[in-house]
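**Q** Have a look at the structure that comes next, please.
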Amino acid sequence: MVDMPSYVIPAKCTGCGDCVNVCPSHIMKFTKSGILGRKAYNAEPESCWECYNCVKHCPQGAVQIRGYMDFTPLGGAVEVYRDEKTNRVYWTIRYRNGTVKYFVFPIRTTPWNSIKPPHEYPEPSKELLRTPYLSCEHEKLGGNKLGVELPKMKVPEVVKVEVRG
């Protein structure tokens, strides 16, 4: 599999730092100030997680990606625009033959600040730890208020095996 990391168009980059601050793998860096001033760049493309946070957060559209072959053939282009007023991310795919496709996705599916961090939830009971539910998932699915039965998982007992050589 070929990685398709992000890259920066220096002429569009203003050095605001949004891409550097949002990169979870800390590979977006700044150039040393030179003739063009401070510019961002992907210092380790092979370590890019391809989350495209840098692309979605760049207000100038300076951070771009190379699209995967299955949706952007060689010579095609991918552009991303993030609109915080409408809470949407707009993707534009331009093909070599001139075809242009547009995709719109919500930035979030829940209101801002509506998700509690894990430390704000109570410690799960030992009974819940023996179910296939993730942390707080049972509560989010309605818990027993909706008559949902907790699936029971049989926890295997430790088995001692004697090895003969």
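Lettering and numbering for the structure tokens are positional, with chains as A, B, ... in the shown order, residues counted from 1 in each chain, and ligands counted from 1 in the shown order.
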Compile the contact shell of Pro10 (chain A) as a ChimeraX atom specification: residues with an atom at most 9 Å away, counting only C-alpha atoms, same-chain residues fewer than 6 positions apart removed.

**A** /A:36,39-41,62-63

**Q** Tell me, as a ChimeraX atom specification, which residues lie within 12 Å of Pro111 (chain A), counting only C-alpha atoms; anything in the same chain fewer than 5 positions away does not count.

**A** /A:87,106,116

**Q** Selection from above, N, CA and C atoms, as a PDB file, in the first residue's frame, can you write it?

**A**
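The resulting result-v6.pdb:
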```pdb
ATOM      1  N   ASN A  87     -20.332  24.086   9.806  1.00  0.00           N
ATOM      2  CA  ASN A  87     -19.848  22.823  10.387  1.00  0.00           C
ATOM      3  C   ASN A  87     -19.777  21.710   9.347  1.00  0.00           C
ATOM      4  N   PRO A 106     -20.455  16.459   7.461  1.00  0.00           N
ATOM      5  CA  PRO A 106     -20.480  17.290   8.670  1.00  0.00           C
ATOM      6  C   PRO A 106     -19.168  17.153   9.425  1.00  0.00           C
ATOM      7  N   LYS A 116     -18.748  14.142  27.062  1.00  0.00           N
ATOM      8  CA  LYS A 116     -18.023  14.200  28.330  1.00  0.00           C
ATOM      9  C   LYS A 116     -16.714  13.432  28.205  1.00  0.00           C
TER      10      LYS A 116
END
```

**Q** Tell me which protein, DNA and RNA residues are within 8 Å of Val104 (chain A), counting only C-alpha atoms, leaving out same-chain ones fewer than 3 positions away, and put them as JSON, numbers by chain.

**A** {"A": [88, 89, 90, 91]}

**Q** Would you please work out which residue, of A:Val22, A:Cys54, A:Leu74, A:Cys48, is nearest to Pro5 (chain A) when using only C-alpha atoms?

**A**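 The shortest atom-to-atom distance to Pro5 (chain A) comes from A:Cys48.
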
**Q** Name all residues at most 9 Å from Gln60 (chain A) (count only C-alpha atoms; drop same-chain ones fewer than 5 positions away) and give them as a list in words.

**A**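 Once the adjacent positions are removed, what remains is Lys12, Cys13, Thr14 and Tyr81 of chain A.
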
**Q** If you measure from CA of Glu79 (chain A) to CA of Ser6 (chain A), what distance in Å do you get, rounded to one decimal?

**A**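 We find that CA of Glu79 (chain A) and CA of Ser6 (chain A) lie 11.2 Å from each other.
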
**Q** For Pro24 (chain A), which residue out of A:Tyr7, A:Arg130, A:Asn53, A:Pro117 is the nearest one, using only C-alpha atoms?

**A**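 Among the listed residues, A:Asn53 lies closest to Pro24 (chain A).
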
**Q** At what distance in Å, to one decimal, does CA of Thr110 (chain A) lie from CA of Lys126 (chain A)?

**A**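 CA of Thr110 (chain A) lies at a distance of 29.5 Å from CA of Lys126 (chain A).
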